[in-house]
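Student: This is the structure I have questions about; it appears just below.
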Amino acid sequence: MATIKFTVNGTARSVETEPERPLLEVLREDLGLTGTKYGCGEGQCGACTVLLDGRPTLSCITPAREVQGRKVTTIEGLAANGKLHPVQQAFVEESAMQCGYCTPGMVLRTVSLLERNPNPTDGEIIEGLNGHLCRCNGYHRIVAAVRRAAVLAGKQS
Amino acid sequence: MQAFEYARPSTVQEAVSLLGNSWEDANLLAGGTDLLSLMKDYIHTPKRLVSLKGIKELEGIRKSAGGLRIGALVTLEELLRNPDVRKEYPSLAAAARGVASPQMRNMGTVGGDLCQRPRCWYFRLGFGLLAKGPNGESLVPSGDNRYHAIFNNRGPAYFVSASSFGPPLVALGATVNLVSPSGTRELPVEKFFVAPATENARENVLAPNEILTEILVPPAAGVRNATYEVRQKMALDYPLATASVALRMRGNTVASARIVLGHVAPVPWRAQAAEKALTGKTLNAAAIEEAAKAAVQGATPLSMNGYKVQLASVAVKRALEEAAQART
């Protein structure tokens with residue numbers, strides 16, 4: 001067993017865990033943060049994406065010990081004071097989900113994409129979301145949601 | 001996944017001392033994008049993982065008169081964003097861009113790219129690196145070999161090298177430093193990759209207790225270089241065939257050429273006939289066409305991968321066209 005101390009959504013957390021467990025399991029099972037999804041388990045689908053020190057990272061293939069002392073943001077950490085993050089709001093307004101399983105990963109990736117590039121072209125959006133699969137094939141609305149998120153985020157700042 | 005011990009050393013020397021004499025003793029962990037999948041499928045079952053992430057000396061890209069030094073832990077994204085790489089080494093930038101997901105580029109490292117295991121589906125499904133069936137013969141020639149080698153494929157290895165940076169680094173004449181308990185050795189990237197002869201051998205020369213610490217790329221000012229990757233779809237996937245070229249010019253004439261194919265052989269594959277065809281020629285459409293044809297001379301496709309011969313030839317043509325347009 002190992003003690004892992006890290007920050008999750010702005011709060012310092014400490015968990016006792018086997019070192020080989022993926023970060024995804026620790027988030028879902030030990031911390032009850034089930035917004036992060038298990039898709040393929042081998043880093044191909046993007047459903048488990050979280051932000052690690054602000055960068056999109058696949059939590060299913062990140063050993064828990066690798067996050068010692070670092071900052072993790074999950075989908076639960078985006079809304080502030082009961083108000084959705086502009087990216088979440090945009091996904092809702094565009095109905096950019098059917099089953100919704102890929103949505104948390106898509107939203108977190110979009111947050112990091114817009115931080116780096118506040119006005120992406122459609123090509124840049126598609127390239128930026130390349131690591132995410134949507135089995136409902138709702139890609140058009142997802143791209144529209146990212147476009148809308150760029151507008152909403154721009155208005156807010 | 002089998003339980004393992006986890007070690008996080010802060011120096012290369014410490015890391016080397018934590019490795020063992022067999023691959024079952026310990027494996028190195030960098031980005032983990034390949035290793036963790038292999039472990040989840042029980043293809044790798046090491047007793048210990050030695051994380052390299054705490055070792056500062058493995059980080060960073062440094063340019064000097066001697067060329068470019070790339071630490072093994074540099075991520076694909078760092079490489080892609082480096083201004084020197086973008087300007088002087090477009091063949092490396094294109095290879096990094098080809099790994100199409102931001103997550104993979106954030107997590108995956110240059111050292112890890114060179115050390116990743118083959119994607120051969122027989123290997124990934126537990127039939128071993130040489131994919132042997134019950135009677136000891138390879139399953140590949142009579143099986144589904146659509147993604148397998150079209151060069152150097154007379155056995156026992158039929159897989160293709162999966163590395164994105166192997167071909168451009170061989171084209172640029174780069175070297176790697178390998179550190180083990182007996183010291184450091186520097187060798188050309190071309191000599192790093194090998195086609196294994198036995199099931200216990202690997203697709204590179206690394207020993208179980210050895211670490212690839214850095215990559216050294218010679219200066220490329222005046223060397224026109226490019227990489228072109230042919231893939232089935234633009235989304236995240238491995239390419240079907242790639243070509244990297246590095247041309248030293250004398251005016252409009254090619255003084256010397258290195259042309260290296262990816263995903264066509266168990267190692268990055270020097271297309272020496274194409275290099276020869278281009279040397280001394282004016283870099284124009286006719287010379288490019290001729291080199292692209294020469295690049296696939298002698299290919300020996302298997303039952304299902306004849307299509308790769310044409311793709312490899314087109315990859316060479318387009319890489320050369322890019323290099324011809326590059327301003328240096």
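Just remember, in the structure tokens the first chain shown is A, the second B, etc., residues are 1-based per chain, and ligands are 1-based in the order shown.
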Could you write out as a PyMOL selection string the residues of chain A within 10 Å of chain B, counting only C-alpha atoms?

Tutor: chain A and resi 2+18-22+41-46+49-51+55-58+60-63+65-66+109+113+126-133

Student: Run DSSP on the backbone and tell me which residues of stretch 2-157 of chain A come out as alpha helix (DSSP H); list them as number ranges by chain.

Tutor: A: 23-25, 86-93, 103-116, 122-128, 139-156

Student: Near stretch 78-88 of chain A, counting only C-alpha atoms, which residues have an atom at most 7 Å away, once you skip same-chain residues fewer than 4 positions from it, shown as a ChimeraX atom specification?

Tutor: /A:92,107,111,149,152-153

Student: Just want the 12 Å neighbourhood of B:Gly306, counted on only C-alpha atoms, with same-chain residues fewer than 3 positions away dropped. Output as a list in words.

Tutor: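 The filter keeps Asn145, Arg146, Tyr147, His148, Ala149, Ile150, Phe151, Leu240, Ala241, Val264, Val296, Ala299, Thr300, Pro301, Leu302, Ser303, Val309, Gln310, Leu311, Ala312 and Ser313 of chain B.
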
Student: Could you write out the selected residues, including N, CA and C atoms, as a compact mmCIF listing (two decimals), in the first residue's frame?

Tutor:
# COMPACT_ATOMS: atom_id res chain seq x y z
N ASN B 145 -2.16 -11.08 -42.58
CA ASN B 145 -0.90 -10.34 -42.54
C ASN B 145 -1.01 -8.99 -43.23
N ARG B 146 -2.22 -8.40 -43.21
CA ARG B 146 -2.41 -7.17 -43.98
C ARG B 146 -1.56 -6.01 -43.47
N TYR B 147 -1.19 -6.02 -42.18
CA TYR B 147 -0.39 -4.90 -41.65
C TYR B 147 1.08 -5.31 -41.43
N HIS B 148 1.48 -6.44 -41.95
CA HIS B 148 2.84 -6.92 -41.67
C HIS B 148 3.85 -6.42 -42.71
N ALA B 149 5.06 -6.93 -42.59
CA ALA B 149 6.20 -6.39 -43.35
C ALA B 149 6.15 -6.76 -44.83
N ILE B 150 6.69 -5.86 -45.64
CA ILE B 150 6.87 -6.14 -47.08
C ILE B 150 8.35 -6.19 -47.45
N PHE B 151 9.22 -5.86 -46.48
CA PHE B 151 10.66 -6.00 -46.66
C PHE B 151 11.20 -6.80 -45.47
N LEU B 240 -0.01 3.22 -42.24
CA LEU B 240 0.15 1.98 -43.01
C LEU B 240 1.55 1.90 -43.62
N ALA B 241 2.07 3.07 -44.00
CA ALA B 241 3.43 3.14 -44.55
C ALA B 241 3.89 4.59 -44.41
N VAL B 264 7.13 -0.87 -42.81
CA VAL B 264 7.25 -1.82 -43.92
C VAL B 264 8.16 -3.00 -43.57
N VAL B 296 10.80 0.85 -53.66
CA VAL B 296 10.09 -0.39 -53.37
C VAL B 296 10.60 -1.57 -54.22
N ALA B 299 10.72 -5.45 -52.94
CA ALA B 299 9.73 -5.73 -51.89
C ALA B 299 9.18 -7.15 -52.08
N THR B 300 8.91 -7.82 -50.97
CA THR B 300 8.38 -9.19 -51.02
C THR B 300 7.09 -9.26 -50.19
N PRO B 301 6.01 -8.65 -50.73
CA PRO B 301 4.78 -8.62 -49.94
C PRO B 301 4.26 -10.01 -49.62
N LEU B 302 3.49 -10.10 -48.54
CA LEU B 302 2.87 -11.36 -48.13
C LEU B 302 1.52 -11.50 -48.84
N SER B 303 0.71 -12.46 -48.41
CA SER B 303 -0.51 -12.76 -49.16
C SER B 303 -1.52 -11.61 -49.15
N VAL B 309 3.03 -1.88 -50.96
CA VAL B 309 4.14 -1.55 -51.86
C VAL B 309 3.86 -0.20 -52.52
N GLN B 310 2.65 -0.06 -53.03
CA GLN B 310 2.26 1.20 -53.68
C GLN B 310 2.25 2.35 -52.66
N LEU B 311 1.72 2.09 -51.45
CA LEU B 311 1.66 3.15 -50.44
C LEU B 311 3.05 3.63 -50.06
N ALA B 312 3.98 2.69 -49.93
CA ALA B 312 5.35 3.07 -49.53
C ALA B 312 5.98 3.94 -50.63
N SER B 313 5.73 3.56 -51.87
CA SER B 313 6.29 4.32 -52.99
C SER B 313 5.70 5.74 -53.01

Student: Using only C-alpha atoms, which protein or nucleic acid residues come within 12 Å of B:Ser138? Drop anything in the same chain fewer than 4 positions from it, and give the result as JSON, numbers by chain.

Tutor: {"B": [122, 123, 127, 128, 129, 130, 131, 132, 133, 134, 142, 143, 144, 145, 153, 154, 155, 156, 157, 158, 159, 198, 199]}

Student: Which distance in Å separates atom CA of B:Gly222 and atom CA of B:Met249, to one decimal?

Tutor: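 Atom CA of B:Gly222 sits 7.2 Å away from atom CA of B:Met249.
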